[in-house]
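Participant: Sharing a structure with you now.
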Amino acid sequence: MEWIVSYIIFAVIGIPVIVVLCRRPVSRKPWRWSFGLGGAALFGLLFYAFSLKPDEHPGQMDVEAFAEIPVQFQGRIMPVDTAARTTLRSIRGRESVPAPSGETLHAIDWLLWKMAKPKEEAKLPVFRIDHPEVKALFNLDDSRKYFSYEELLPTLENIRENIGELPENPEEYSVYEQQLVKTLNAIQQYNQIGSSFHPGINRPDINALDLVQIFGNWNSILRIAASNAALMQQGQELGEQEAQFMAILRTVVPLVQMMADPRGRLAVIPPVDADAADDETTAGAPWLTLGGALMETFETGTTYEAVQAYANLIVAYNQGEAVAFDNAVRTLHSLTEEAAPVGRVAFEEDFNRVSPFYTGTVAYVLGLVLLFLSWLRWPEKFPVSEMLRQGVFWLFLLTFILHSWGLLARMIIMERPAPVTNLYSSAVFIGWAACGLGLLLEQIYRNSFGLLIAGVIGFCTLIIAMGLGVSGDTMEAMRAVLDSNFWLATHVVTITLGYVPMFIAGVLAIVFIVRGVFFKGMTRENAKALAQMTYGILAFALILSFIGTFLGGVWADQSWGRFWGWDPKENGALMIVLWIALIFHARIGGMIREKGLMVLTIGGSMITAWSWFGTNQLGIGLHSYGFTDSGHFWLMAFWASQLLFVLIGSLPKSVWRSRETLFLSRRSTEKQQA
Amino acid sequence: MKTLYRLLSSLRFTVVLLAVSTLLVLLGTLDQANFGIHHALERYFNSWFVLSPVVSLLGLVLFKTYPAHLDWLVLPLPGGLTLGVLLGLNLVLAHIRYHKFGWSKAGITLIHGGLVLLLISGFMGSLFQKEWNMALTEGEGPVRHLSAFRGAELAFVKIADDGTETHYVADKPLLFAGNEFPLGDSGLTVTIKGFAENAATDRRGVLARMLDEGSIDTEEGGKDQSTLRTELDNENLLLIPIDDSAPVSVPSDRIKGYAADIDVAAIIQPPTYELNDSNIAAGVVTVKDGERELGTWLVSPTFGFIEDLPPQSFEKDGETYRIDMRFPRAYLPFSLALQNFVHRRHPNTDIPAEFASDLTLNNPETGENRHVRISMNEPLRYGGFTFYQASFANNDLTSVLQVVRNPGWQLPYISIAVIGLGLILHFLVKLLGFSSRAAGKADTRDPGAKTAGSASRPSQTSTKA
C-alpha cells in the first residue's frame with residue numbers, strides 16, 4: 001500500500017511531462033532542431049566526462065574490481081567503494097584527494113593507500129578544517145584548508161585530554177566547539193575505518209605490513225603458538241626465537257581484540273552461515289571485521305579464507321604486484337558471492353561511478369549560464385536567444401532523465417519503494433520535481449521562465465543535497481521509527497514541494513504588481529498571461545499541499561491511530577490548501593480579477609512562509625526543529641516586504657501607471673460582451 | 001427562505017468560510033503553542049464557538065511571548081464544528097445550484113464529493129474517537145484492560161484466596177474533597193480528604209530537589225518557596241497546594257501505606273494540556289469499616305511506576321483490598337497476552353531496525369485463540385479497535401501498545417482517494433485541453449482566455465438569477 005503513493009507522486013509529475021512532450025509539435029525550422037541537438041550533444045559531453053569516463057587509478061592494478069567487493073558498513077552491505085567515498089566525503093568534504101605526485105586519488109585509491117601504504121597515506125591532506133581557532137588549537141597553518149593526519153597527530157593527544165567539558169546538549173555548542181567536535185569525530189572515523197585492517201601509524205612500534213602478514217598466516221602462527229605453549233606447559237624453556245615470537249604475539253592479540261569491534265569499522269568477512277544470525281536481535285546476519293575473524297580463529301578454530309585474501313591484497317598493493325592483487329580481488333569476490341547480494345552491490349558501484357546527481361549539478365549550472373546568455377540583446381538577424389533556449393531545453397530534458405534514473409537507482413539499491421528516505425533524498429527529489437515542473441511550464445509558455453525554474457531549483461537542491469550527503473551514507477539503514485514513519489519522509493517532501501510553487505506564484509504576483517503600478521504599458525494580454533500562469537502554478541501547489549497533507553494524515557493514522565493530529569506543521573499545510581481554495585473560489589465566483597488574484601497570491605506566500613518557518617518558531621509539535629532568533633527576524637522581514645506589496649497592489653486603479661492599458665481596455669471589452 | 005438558500009449556496013459564502021477557516025487554524029495553532037494541544041482542540045477545533053484572544057495570540061508571533069494582560073481583547077469566531085457544518089452545507093447547496101454534469105466537470109464533482117466525506121469523517125473522529133494505551137509484559141498472562149491517557153479513577157481491588165479480583169471503582173465525579181460514599185457491597189466507607197487532577201507526587205526529598213531545580217510549577221499559585229519547603233517538611237501534610245488553600249493534613253499515626261513507609265507527598269500542579277504530558281492525579285483517601293477507621297492513604301497513578309514495592313493495601317475480615325488510583329480503564333471483550341517482544345537492530349550497529357510484539361489473541365465470544373503480530377508498520381485492527389506498537393520498557397520485556405477506537409477510520413482514506421482522483425482527473429483534462437490549445441494557437445493570443453471564460457460561468461448565472 002505504501003509504495004502506491006510514491007508511484008502516484010511519480011505519475012502526477014512524470015506523466016504530464018511525458019504527455020506534453022509527446023505533443024510537442026515538430027518545428028519545421030531546421031535551425032531549431034539543430035540547436036536542440038546541440039543541447040543534447042552538450043549533455044552527452046557532460047555525461048561522458050563526469051559519468052562514463054572511467055576513473056584513472058595509479059598503478060597497474062584492477063582497482064575498479066576491488067571497488068565492487070561487498071562489505072558491511074553502518075548496518076548494510078555495500079561495495080567497499082561506497083564506504084570509502086562516504087568516509088572521505090565526511091572527513092574531507094570531497095570524494096578524492098591529491099597525491100604528492102599530482103595524481104588524483106579517488107576515494108577507493110585513498111582507502112587502498114590507507115590499507116597498504118599507511119605511512120604515505122598519513123601525509124595526504126584528507127582532513128578539512130575551516131575554523132581558525134580549531135586550526136590554531138592543532139598548531140596548523142591558518143592559510144590552508146586541508147591537512148594530513150601526520151600534521152594533526154602531534155597535538156591530538158593533548159587536545160583530547162584538555163578538551164574540557166562540553167555542554168551536554170549539542171545544540172548549545174558554540175561554533176568553535178561544534179567544529180572541534182566535528183574534527184575530532186572525523187579523526188575517529190578515519191582511525192576506525194583504517195583499523196579495519198591494521199592500526200596504521202598509531203602504533204609506531206609495529207610495522208603495519210608485518211602485522212598484515214601475521215594476519216595472513218594466522219593459522220600457522222596460532223599453530224606454532226600452540227606448540228610453544230605446549231612446550232611451556234611441559235616446563236621446557238623456549239629458545240630465544242620462540243620467546244621473541246611469543247612476545248610479539250602478546251602485543252598482537254590485544255590489537256586484534258581492539259580491531260574486532262565492528263562499530264565504525266568495515267566488516268569485511270562474510271559470516272559462515274548467512275541465515276543463522278538473522279534473529280530477534282539483529283536484522284540480517286552481522287559480518288565480521290578482520291579482527292573479529294582472527295579472534296574467531298583464535299577462540300574456536302574456525303578459519304576464514306577471506307582473511308588471507310585481504311592480507312595478500314594489501315601486501316600486493318604495497319609491492320605493486322598487479323597479478324597478485326587481481327588474484328586476491330578475484331578470490332574475495334568469489335568468497336563474498338554467497339553472503340552478499342552481488343548484483344545489487346555491483347549496481348550500486350555503477351551508480352557511484354555514474355554519480356548522476358553530480359553530473360546533474362554541472363548540467364544545471366551550465367544550462368543556467370547559457371540561459372542568461374540567451375537574455376542578452378542579440379542582433380535581430382540571428383535568433384540566438386531562441387536557439388539557446390532550445391538548446392537548454394534539451395540539455396535540461398536529458399538531465400531530467402538522468403536525474404530520474406538516479407532516483408530510481410537509489411530505490412533499487414536500497415530495495416525501498418520510496419524515492420525519499422532521508423533529508424538528502426528529499427532535496428534530490430525536490431530538485432527532480434522542480435525540473436519536471438519547469439520543463440512543463442517551458443513547454444506551455446516558451447518564455448524561458450520554466451527553464452529558469454528548472455535550472456535554479458535543480459541546481460540549488462542538488463547543492464543542498466551534496467551538503468547533506470557530507471554527513472554520511474546517503475543510503476543509510478533506516479531506523480525503525482523512521483521506517484514506520486516512512487510516511488513522514490514522503491509527507492515532508494510533498495509538503496515542501498508544495499511550498500515551491502507557492503513562492504513562484506508569489507514572485508509572479510509581485511512582478512505583476514510592480515509592472516502595473518510603477519510602469520506604463522502593461523497590457524490586458526500581459527496581465528491575463530501572468531494571471532493564467534499564476535493560476536496554473538497555484539493549482540500545482542494545491543495538489544502537492546493536498547497530497548502532502550494527506551500523507552501526513554496517513555502517517556499519523558499509521559503511527560498513532562488518528563488521521564489528523566492538528567500538528568502545527570500540518571495546520572500550516574492545511575492553511576495553504578484552504579487559502580488556495582479561497583483564491584480559486586473567489587476567482588470562479590467573479591469576486592476577484594487579475595489584480596485581486598495577485599494580491600491574494602502574495603497572501604499565499606506569507607502563509608507559506610509561516611508554515612515553513614513560523615511553525616518551527618513555535619517550538620511545539622512533532623515538526624519543531626530548532627529555530628533561531630535570526631530566523632524570526634527574517635520571517636518578520638519577509639512578511640513586512642510582502643505586506644508592502646499587498647498594500648501597493650491594493651492601491652486604487654487610478655494610481656496604477658498601466659491603468660490605461662490594463663483596466664480601461666477591460667471595461668471596453670466588457671461593454672462589447674454586454 | 002429563498003434568500004437564505006441563496007446565501008448558503010453562494011460562492012461568496014464559500015470564500016468567507018474559507019477565510020474564517022484559515023484564520024481559525026492559525027489562531028488554533030498559536031493557542032496550541034501557548035496552551036497545549038488539548039486546550040486548542042477543546043477551544044478551537046472541536047468546538048462550536050470560540051472567543052479567541054486574538055491580540056495576545058498575534059503578540060506570540062510578533063514578539064515570541066504571550067502578552068496575557070491583553071487577552072480580554074477577544075474575537076468571536078465560529079469553532080471547527082460550526083465551520084465544518086457550514087462548509088459541508090455550502091458545498092452541497094452550491095453543487096445543487098450551479099452544477100451540471102459532464103466529463104469536464106467530473107473531476108470537480110469528485111473533489112467536492114470527497115471533501116464532504118472528509119468533513120463527515122472529521123466529525124466522526126472528533127465525536128467518537130477514543131484512545132488508550134495497553135501495557136503487556138512477557139510471561140504475565142492475558143490482559144483485558146486498556147488505560148486512558150488522562151483522568152483518574154480510584155479502585156479498591158478485593159483479592160479472594162483463589163486470586164480472583166473484584167474491582168470497586170470510583171469514577172472521577174466522585175473524587176472531590178469531602179465526598180464520602182459507601183464502597184458497593186463491601187461494607188466499607190470511603191472519604192476523599194483531598195483530590196488534585198494534577199500533582200507532582202514523590203518522596204519528599206525528591207520533591208524538594210525538584211523545587212530547587214524549578215521543575216515544579218509554583219508560579220501559578222503564588223506561594224513562596226520557603227513556605228512550600230516548610231510544608232513539605234511537615235510529615236502531616238500529604239497534599240500541598242501551591243496557592244493559599246489549606247493543605248490536606250492527617251495526624252501521622254493515621255497515615256498508612258507509602259506516605260508512612262517511604263515518606264511520599266504530593267504538590268498540586270496546574271493541569272497541563274500538552275500532548276506528551278499527562279495530568280497525573282493524586283488523592284488522599286480515608287477508609288472506614290463501619291465506624292472503625294482503617295487508615296488514610298495517599299494515592300496516585302505514579303505509584304504504578306514505582307517498582308519493587310508491594311501495592312498499598314489493607315485487610316478486612318481476612319480479605320485483602322488493594323488501593324489503586326489509576327488512569328481510567330476500559331475493558332475489551334477479548335484479551336491479549338504478550339509472548340515475545342522483538343527489538344532488532346541493524347547488524348553491527350545500534351540503529352533500531354524493528355520493534356514488534358508477538359501476541360496471543362483470545363476471544364471467548366468467537367472461540368478465537370490465535371497468534372497475532374503487531375509491528376511499527378502494521379497495527380492490529382480487531383473488534384473495532386486498532387492496536388499500534390507504541391513503545392517498550394523493562395529491558396524489552398514490556399511492550400506498550402496504543403489502542404484507538406475510531407469507527408470511521410476508513411473514511412479519510414476513501415475520501416482522500418476520491419479527492420485525489422478528482423484532482424488528477426481535473427488537472428489532466430485541463431492540461432491536455434490547455435496544452436493542445438497553447439500548441440495550436442499562434443503566439444499572439446492568450447491561451448487561457450477560453451478557460452477563464454468558462455470558469456466564470458457561475459457568476460454569470462448568479463447575475464442572471
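Residues are named by chain letter and number: chains run A, B, ... in the order of the C-alpha cells, numbers start at 1 in each chain, and ligands are numbered from 1 in the order shown.
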Produce a table with one row for each residue of chain B that has an atom at most 6 Å from any atom of chain A, each row naming the nearest atom pair and its distance in Å at one decimal; use only C-alpha atoms; arrange rows by chain and rising residue number; format as a tab-separated table.

Facilitator:
residue	atom	partner	partner_atom	distance
B:Leu11	CA	A:Gly589	CA	5.7
B:Val15	CA	A:Leu582	CA	5.2
B:Leu18	CA	A:Leu582	CA	5.7
B:Thr22	CA	A:Met575	CA	5.3
B:Thr29	CA	A:Pro568	CA	5.7
B:Ala33	CA	A:Leu618	CA	5.9
B:Val342	CA	A:Glu280	CA	5.7
B:His343	CA	A:Thr281	CA	6.0
B:Arg344	CA	A:Thr281	CA	4.2
B:Arg345	CA	A:Thr282	CA	4.6
B:His346	CA	A:Gly75	CA	4.8
B:Pro347	CA	A:Pro286	CA	4.7
B:Asn348	CA	A:Pro262	CA	5.8
B:Thr349	CA	A:Gly75	CA	5.9
B:Ile351	CA	A:Arg479	CA	5.9
B:Pro352	CA	A:Ala480	CA	5.3
B:Ala353	CA	A:Ala480	CA	4.5
B:Glu354	CA	A:Ala480	CA	5.0
B:Met376	CA	A:Ser484	CA	5.4
B:Asn377	CA	A:Ser484	CA	4.8
B:Val404	CA	A:Gly561	CA	5.8
B:Ala455	CA	A:Ile588	CA	5.7
B:Ser456	CA	A:Ile588	CA	5.0
B:Ser459	CA	A:Gly589	CA	5.1

Participant: Tell me, as a PyMOL selection string, which residues lie within 9 Å of Val517 (chain A), counting only C-alpha atoms; anything in the same chain fewer than 4 positions away does not count.

Facilitator: chain A and resi 512-513+648-649+651+653+655-659

Participant: Can I get the selection written as a PDB file, in the first residue's frame, with N, CA and C atoms?

Facilitator:
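This is the output file result.pdb:
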ATOM      1  N   PHE A 512       3.768  41.268 -11.436  1.00  0.00           N
ATOM      2  CA  PHE A 512       2.535  41.859 -11.960  1.00  0.00           C
ATOM      3  C   PHE A 512       2.292  43.229 -11.328  1.00  0.00           C
ATOM      4  N   ILE A 513       2.357  43.258  -9.989  1.00  0.00           N
ATOM      5  CA  ILE A 513       2.016  44.495  -9.292  1.00  0.00           C
ATOM      6  C   ILE A 513       3.036  45.595  -9.594  1.00  0.00           C
ATOM      7  N   ILE A 648       0.653  47.971  -1.947  1.00  0.00           N
ATOM      8  CA  ILE A 648       0.840  48.595  -3.257  1.00  0.00           C
ATOM      9  C   ILE A 648      -0.183  48.040  -4.243  1.00  0.00           C
ATOM     10  N   GLY A 649      -0.344  46.721  -4.199  1.00  0.00           N
ATOM     11  CA  GLY A 649      -1.284  46.093  -5.118  1.00  0.00           C
ATOM     12  C   GLY A 649      -2.717  46.508  -4.858  1.00  0.00           C
ATOM     13  N   LEU A 651      -3.647  49.482  -4.068  1.00  0.00           N
ATOM     14  CA  LEU A 651      -3.865  50.890  -4.408  1.00  0.00           C
ATOM     15  C   LEU A 651      -4.974  50.985  -5.458  1.00  0.00           C
ATOM     16  N   LYS A 653      -7.104  51.750  -8.715  1.00  0.00           N
ATOM     17  CA  LYS A 653      -6.665  51.598 -10.104  1.00  0.00           C
ATOM     18  C   LYS A 653      -6.151  52.908 -10.695  1.00  0.00           C
ATOM     19  N   VAL A 655      -4.195  55.082  -9.622  1.00  0.00           N
ATOM     20  CA  VAL A 655      -2.789  55.427  -9.471  1.00  0.00           C
ATOM     21  C   VAL A 655      -1.876  54.427 -10.171  1.00  0.00           C
ATOM     22  N   TRP A 656      -2.415  53.332 -10.712  1.00  0.00           N
ATOM     23  CA  TRP A 656      -1.569  52.399 -11.459  1.00  0.00           C
ATOM     24  C   TRP A 656      -1.103  53.073 -12.743  1.00  0.00           C
ATOM     25  N   ARG A 657       0.166  53.043 -12.994  1.00  0.00           N
ATOM     26  CA  ARG A 657       0.653  53.727 -14.182  1.00  0.00           C
ATOM     27  C   ARG A 657       0.213  53.011 -15.454  1.00  0.00           C
ATOM     28  N   SER A 658      -0.059  51.719 -15.345  1.00  0.00           N
ATOM     29  CA  SER A 658      -0.522  50.999 -16.527  1.00  0.00           C
ATOM     30  C   SER A 658      -2.043  51.018 -16.645  1.00  0.00           C
ATOM     31  N   ARG A 659      -2.696  51.934 -15.906  1.00  0.00           N
ATOM     32  CA  ARG A 659      -4.158  51.854 -15.823  1.00  0.00           C
ATOM     33  C   ARG A 659      -4.818  51.897 -17.195  1.00  0.00           C
TER      34      ARG A 659
END

Participant: Which residues, written as a count of residues only, have at least one atom at most 8 Å from Pro356 (chain A), with only C-alpha atoms counted and residues fewer than 2 positions away on the same chain left out?

Facilitator: 10

Participant: For each of A:Val181, A:Ile201, A:Glu68, A:Asn191, take the minimum atom-to-atom distance to Ala122 (chain A), counting only C-alpha atoms, then give the residue where this is smallest.

Facilitator: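 Among the listed residues, A:Ile201 lies closest to Ala122 (chain A).
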
Participant: Hey, which of A:Gln236, A:Asn228, A:Thr302, A:Ser195 ends up closest to Leu249 (chain A)? Count only C-alpha atoms.

Facilitator: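 Ranked by minimum distance to Leu249 (chain A), first place goes to A:Asn228.
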
Participant: Could you write out, as a PyMOL selection string, all the residues of region 379-498 of chain A that DSSP marks as helix (DSSP H, G or I)?

Facilitator: chain A and resi 384-414+423-445+449-469+480-484+486-498

Participant: Excluding His39 (chain B) and its own-chain neighbours fewer than 3 positions away, which residues fall within 10 Å of it when counting only C-alpha atoms? Please give them as a list of chain:residue names.

Facilitator: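 Once the adjacent positions are removed, what remains is B:Gly28, B:Asp31, B:Gln32, B:Ala33, B:Asn34, B:Phe35, B:Gly36, B:Glu42, B:Arg43, B:Tyr44, B:Phe45, B:Thr272, B:Tyr273, B:Glu274, B:Leu275.
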
Participant: Those same residues - N, CA, C and O atoms - I'd like them written as a PDB file, in the first residue's frame.

Facilitator:
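As a result, part36.pdb now contains:
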ATOM      1  N   GLY B  28      -5.787  28.717  16.193  1.00  0.00           N
ATOM      2  CA  GLY B  28      -5.748  27.445  16.916  1.00  0.00           C
ATOM      3  C   GLY B  28      -4.324  26.949  17.079  1.00  0.00           C
ATOM      4  O   GLY B  28      -3.938  26.453  18.136  1.00  0.00           O
ATOM      5  N   ASP B  31      -2.731  29.044  19.703  1.00  0.00           N
ATOM      6  CA  ASP B  31      -3.248  28.657  21.008  1.00  0.00           C
ATOM      7  C   ASP B  31      -2.551  27.391  21.485  1.00  0.00           C
ATOM      8  O   ASP B  31      -2.156  27.271  22.642  1.00  0.00           O
ATOM      9  N   GLN B  32      -2.372  26.472  20.541  1.00  0.00           N
ATOM     10  CA  GLN B  32      -1.682  25.221  20.871  1.00  0.00           C
ATOM     11  C   GLN B  32      -0.257  25.504  21.332  1.00  0.00           C
ATOM     12  O   GLN B  32       0.238  24.881  22.276  1.00  0.00           O
ATOM     13  N   ALA B  33       0.376  26.474  20.650  1.00  0.00           N
ATOM     14  CA  ALA B  33       1.752  26.796  21.022  1.00  0.00           C
ATOM     15  C   ALA B  33       1.824  27.277  22.454  1.00  0.00           C
ATOM     16  O   ALA B  33       2.766  27.006  23.174  1.00  0.00           O
ATOM     17  N   ASN B  34       0.803  27.999  22.876  1.00  0.00           N
ATOM     18  CA  ASN B  34       0.857  28.578  24.208  1.00  0.00           C
ATOM     19  C   ASN B  34       0.243  27.703  25.291  1.00  0.00           C
ATOM     20  O   ASN B  34       0.723  27.657  26.405  1.00  0.00           O
ATOM     21  N   PHE B  35      -0.830  26.998  24.937  1.00  0.00           N
ATOM     22  CA  PHE B  35      -1.553  26.272  25.988  1.00  0.00           C
ATOM     23  C   PHE B  35      -1.504  24.759  25.834  1.00  0.00           C
ATOM     24  O   PHE B  35      -1.906  24.044  26.721  1.00  0.00           O
ATOM     25  N   GLY B  36      -1.078  24.269  24.674  1.00  0.00           N
ATOM     26  CA  GLY B  36      -1.055  22.812  24.501  1.00  0.00           C
ATOM     27  C   GLY B  36      -2.192  22.334  23.626  1.00  0.00           C
ATOM     28  O   GLY B  36      -3.201  23.011  23.436  1.00  0.00           O
ATOM     29  N   GLU B  42     -10.034  21.627  22.416  1.00  0.00           N
ATOM     30  CA  GLU B  42     -11.263  21.917  23.137  1.00  0.00           C
ATOM     31  C   GLU B  42     -11.854  23.258  22.716  1.00  0.00           C
ATOM     32  O   GLU B  42     -13.048  23.373  22.495  1.00  0.00           O
ATOM     33  N   ARG B  43     -10.972  24.272  22.625  1.00  0.00           N
ATOM     34  CA  ARG B  43     -11.477  25.619  22.367  1.00  0.00           C
ATOM     35  C   ARG B  43     -11.770  25.859  20.881  1.00  0.00           C
ATOM     36  O   ARG B  43     -12.751  26.497  20.550  1.00  0.00           O
ATOM     37  N   TYR B  44     -10.874  25.403  20.023  1.00  0.00           N
ATOM     38  CA  TYR B  44     -10.943  25.838  18.629  1.00  0.00           C
ATOM     39  C   TYR B  44     -11.515  24.786  17.691  1.00  0.00           C
ATOM     40  O   TYR B  44     -12.450  25.039  16.951  1.00  0.00           O
ATOM     41  N   PHE B  45     -10.915  23.604  17.729  1.00  0.00           N
ATOM     42  CA  PHE B  45     -11.191  22.681  16.636  1.00  0.00           C
ATOM     43  C   PHE B  45     -12.393  21.789  16.899  1.00  0.00           C
ATOM     44  O   PHE B  45     -13.170  21.507  16.007  1.00  0.00           O
ATOM     45  N   THR B 272      -2.206  20.292  32.889  1.00  0.00           N
ATOM     46  CA  THR B 272      -1.475  20.536  31.651  1.00  0.00           C
ATOM     47  C   THR B 272      -2.321  20.096  30.463  1.00  0.00           C
ATOM     48  O   THR B 272      -3.151  19.203  30.582  1.00  0.00           O
ATOM     49  N   TYR B 273      -2.082  20.758  29.335  1.00  0.00           N
ATOM     50  CA  TYR B 273      -2.794  20.377  28.112  1.00  0.00           C
ATOM     51  C   TYR B 273      -1.835  19.871  27.052  1.00  0.00           C
ATOM     52  O   TYR B 273      -2.194  19.677  25.912  1.00  0.00           O
ATOM     53  N   GLU B 274      -0.570  19.710  27.441  1.00  0.00           N
ATOM     54  CA  GLU B 274       0.429  19.298  26.459  1.00  0.00           C
ATOM     55  C   GLU B 274       0.136  17.906  25.930  1.00  0.00           C
ATOM     56  O   GLU B 274      -0.362  17.041  26.644  1.00  0.00           O
ATOM     57  N   LEU B 275       0.572  17.697  24.676  1.00  0.00           N
ATOM     58  CA  LEU B 275       0.318  16.418  24.021  1.00  0.00           C
ATOM     59  C   LEU B 275       1.031  15.272  24.730  1.00  0.00           C
ATOM     60  O   LEU B 275       0.480  14.213  24.965  1.00  0.00           O
TER      61      LEU B 275
END

Participant: Find, counting only C-alpha atoms, the residue in A:Gly596, A:Gly450, A:Gly472, A:Pro379 that gets nearest to Ala186 (chain A).

Facilitator: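 With only C-alpha atoms as the atom set, the closest residue is A:Gly472.
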
Participant: Looking only at strand (DSSP E) from DSSP on the backbone, list the matching residues of region 121-275 of chain B as a PyMOL selection string.

Facilitator: chain B and resi 130-137+143-148+153-159+165-170+180-183+188-196+199-203+237-240+248-249+264-268

Participant: Those selected residues, please, written with C-alpha atoms and delivered as a PDB file, in the first residue's frame.

Facilitator:
ATOM      1  CA  LYS B 130     -11.121   7.273  21.813  1.00  0.00           C
ATOM      2  CA  GLU B 131      -7.539   6.464  22.742  1.00  0.00           C
ATOM      3  CA  TRP B 132      -5.910   4.339  25.404  1.00  0.00           C
ATOM      4  CA  ASN B 133      -2.724   2.507  25.964  1.00  0.00           C
ATOM      5  CA  MET B 134      -2.111  -1.075  26.945  1.00  0.00           C
ATOM      6  CA  ALA B 135       0.996  -2.420  28.635  1.00  0.00           C
ATOM      7  CA  LEU B 136       1.814  -6.098  28.233  1.00  0.00           C
ATOM      8  CA  THR B 137       4.687  -7.941  29.828  1.00  0.00           C
ATOM      9  CA  VAL B 143      -4.571  -8.583  29.632  1.00  0.00           C
ATOM     10  CA  ARG B 144      -8.076  -7.358  29.005  1.00  0.00           C
ATOM     11  CA  HIS B 145      -7.979  -3.778  30.125  1.00  0.00           C
ATOM     12  CA  LEU B 146      -6.926  -0.551  28.477  1.00  0.00           C
ATOM     13  CA  SER B 147      -5.762   2.550  30.298  1.00  0.00           C
ATOM     14  CA  ALA B 148      -6.765   6.058  29.293  1.00  0.00           C
ATOM     15  CA  GLU B 153     -10.237   6.554  38.880  1.00  0.00           C
ATOM     16  CA  LEU B 154      -9.983   5.183  42.374  1.00  0.00           C
ATOM     17  CA  ALA B 155     -10.137   1.403  42.573  1.00  0.00           C
ATOM     18  CA  PHE B 156     -10.376  -0.911  45.531  1.00  0.00           C
ATOM     19  CA  VAL B 157      -9.470  -4.390  44.409  1.00  0.00           C
ATOM     20  CA  LYS B 158     -10.671  -7.219  46.622  1.00  0.00           C
ATOM     21  CA  ILE B 159      -8.441 -10.223  46.164  1.00  0.00           C
ATOM     22  CA  GLU B 165     -10.185  -9.911  41.819  1.00  0.00           C
ATOM     23  CA  THR B 166     -13.236  -7.785  42.449  1.00  0.00           C
ATOM     24  CA  HIS B 167     -12.739  -4.165  41.389  1.00  0.00           C
ATOM     25  CA  TYR B 168     -14.748  -1.477  43.189  1.00  0.00           C
ATOM     26  CA  VAL B 169     -14.201   1.618  41.105  1.00  0.00           C
ATOM     27  CA  ALA B 170     -14.959   5.244  41.943  1.00  0.00           C
ATOM     28  CA  GLU B 180     -17.983  10.315  51.417  1.00  0.00           C
ATOM     29  CA  PHE B 181     -19.501   7.252  49.816  1.00  0.00           C
ATOM     30  CA  PRO B 182     -20.042   3.574  50.610  1.00  0.00           C
ATOM     31  CA  LEU B 183     -17.992   1.146  48.603  1.00  0.00           C
ATOM     32  CA  LEU B 188     -16.551  -0.057  53.612  1.00  0.00           C
ATOM     33  CA  THR B 189     -16.937   3.711  53.546  1.00  0.00           C
ATOM     34  CA  VAL B 190     -14.550   5.909  51.648  1.00  0.00           C
ATOM     35  CA  THR B 191     -13.868   9.573  52.373  1.00  0.00           C
ATOM     36  CA  ILE B 192     -11.970  11.695  49.890  1.00  0.00           C
ATOM     37  CA  LYS B 193      -9.893  14.036  52.032  1.00  0.00           C
ATOM     38  CA  GLY B 194      -8.346  15.726  49.080  1.00  0.00           C
ATOM     39  CA  PHE B 195      -8.001  15.306  45.338  1.00  0.00           C
ATOM     40  CA  ALA B 196      -5.929  17.031  42.686  1.00  0.00           C
ATOM     41  CA  ALA B 199       0.147  16.762  41.081  1.00  0.00           C
ATOM     42  CA  ALA B 200       3.808  16.026  41.487  1.00  0.00           C
ATOM     43  CA  THR B 201       3.908  13.005  43.723  1.00  0.00           C
ATOM     44  CA  ASP B 202       7.156  11.540  45.026  1.00  0.00           C
ATOM     45  CA  ARG B 203       9.355  11.114  48.069  1.00  0.00           C
ATOM     46  CA  LEU B 237       0.763  17.337  55.207  1.00  0.00           C
ATOM     47  CA  LEU B 238       0.072  14.922  52.358  1.00  0.00           C
ATOM     48  CA  LEU B 239      -1.388  17.091  49.600  1.00  0.00           C
ATOM     49  CA  ILE B 240       0.164  20.535  49.380  1.00  0.00           C
ATOM     50  CA  VAL B 248      -4.569  18.224  53.448  1.00  0.00           C
ATOM     51  CA  SER B 249      -3.304  17.407  56.915  1.00  0.00           C
ATOM     52  CA  VAL B 264       5.842  10.355  49.866  1.00  0.00           C
ATOM     53  CA  ALA B 265       3.791  13.515  49.468  1.00  0.00           C
ATOM     54  CA  ALA B 266       2.151  15.404  46.620  1.00  0.00           C
ATOM     55  CA  ILE B 267       2.346  19.007  45.470  1.00  0.00           C
ATOM     56  CA  ILE B 268      -0.657  20.131  43.483  1.00  0.00           C
TER      57      ILE B 268
END

Participant: Could you state the separation of CA of Arg209 (chain B) and CA of Arg229 (chain B) in Å, given to one decimal place?

Facilitator: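 Distance reported for this atom pair: 10.3 Å.
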
Participant: Which residues, written as a ChimeraX atom specification, have at least one atom at most 9 Å from Leu180 (chain A), with only C-alpha atoms counted and residues fewer than 5 positions away on the same chain left out?

Facilitator: /A:129,131,133-134,175,185

Participant: Would you pick out the contacts of Phe385 (chain B) at 8 Å or less, using only C-alpha atoms, so that residues sharing its chain but fewer than 2 positions from it are not included, and give the list as a PyMOL selection string?

Facilitator: chain B and resi 381-383+387+403-406

Participant: Could the residues in this selection be written to a file with N, CA, C and O atoms, as a short mmCIF file (atom, residue, chain, number, x, y, z; two decimals), in the first residue's frame?

Facilitator:
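So again_5.cif came out as:
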data_model
loop_
_atom_site.label_atom_id
_atom_site.label_comp_id
_atom_site.auth_asym_id
_atom_site.auth_seq_id
_atom_site.Cartn_x
_atom_site.Cartn_y
_atom_site.Cartn_z
N ARG B 381 -5.87 -4.49 13.62
CA ARG B 381 -7.22 -3.94 13.68
C ARG B 381 -8.16 -5.08 14.01
O ARG B 381 -8.27 -6.04 13.25
N TYR B 382 -8.78 -5.00 15.17
CA TYR B 382 -9.61 -6.11 15.60
C TYR B 382 -10.72 -5.59 16.49
O TYR B 382 -10.49 -4.76 17.38
N GLY B 383 -11.90 -6.11 16.26
CA GLY B 383 -13.04 -5.78 17.12
C GLY B 383 -13.32 -4.30 17.23
O GLY B 383 -13.77 -3.83 18.27
N PHE B 387 -4.63 -1.53 17.35
CA PHE B 387 -3.52 -1.62 18.30
C PHE B 387 -2.22 -1.29 17.59
O PHE B 387 -1.86 -1.95 16.62
N VAL B 403 -3.90 2.05 21.79
CA VAL B 403 -5.16 1.46 21.32
C VAL B 403 -6.12 2.58 20.97
O VAL B 403 -6.32 3.50 21.76
N VAL B 404 -6.67 2.50 19.78
CA VAL B 404 -7.56 3.56 19.32
C VAL B 404 -8.85 2.94 18.82
O VAL B 404 -8.83 1.88 18.17
N ARG B 405 -9.95 3.57 19.17
CA ARG B 405 -11.21 3.14 18.60
C ARG B 405 -11.76 4.30 17.80
O ARG B 405 -12.04 5.36 18.35
N ASN B 406 -11.84 4.13 16.51
CA ASN B 406 -12.40 5.17 15.67
C ASN B 406 -13.26 4.49 14.62
O ASN B 406 -12.75 3.94 13.65
#
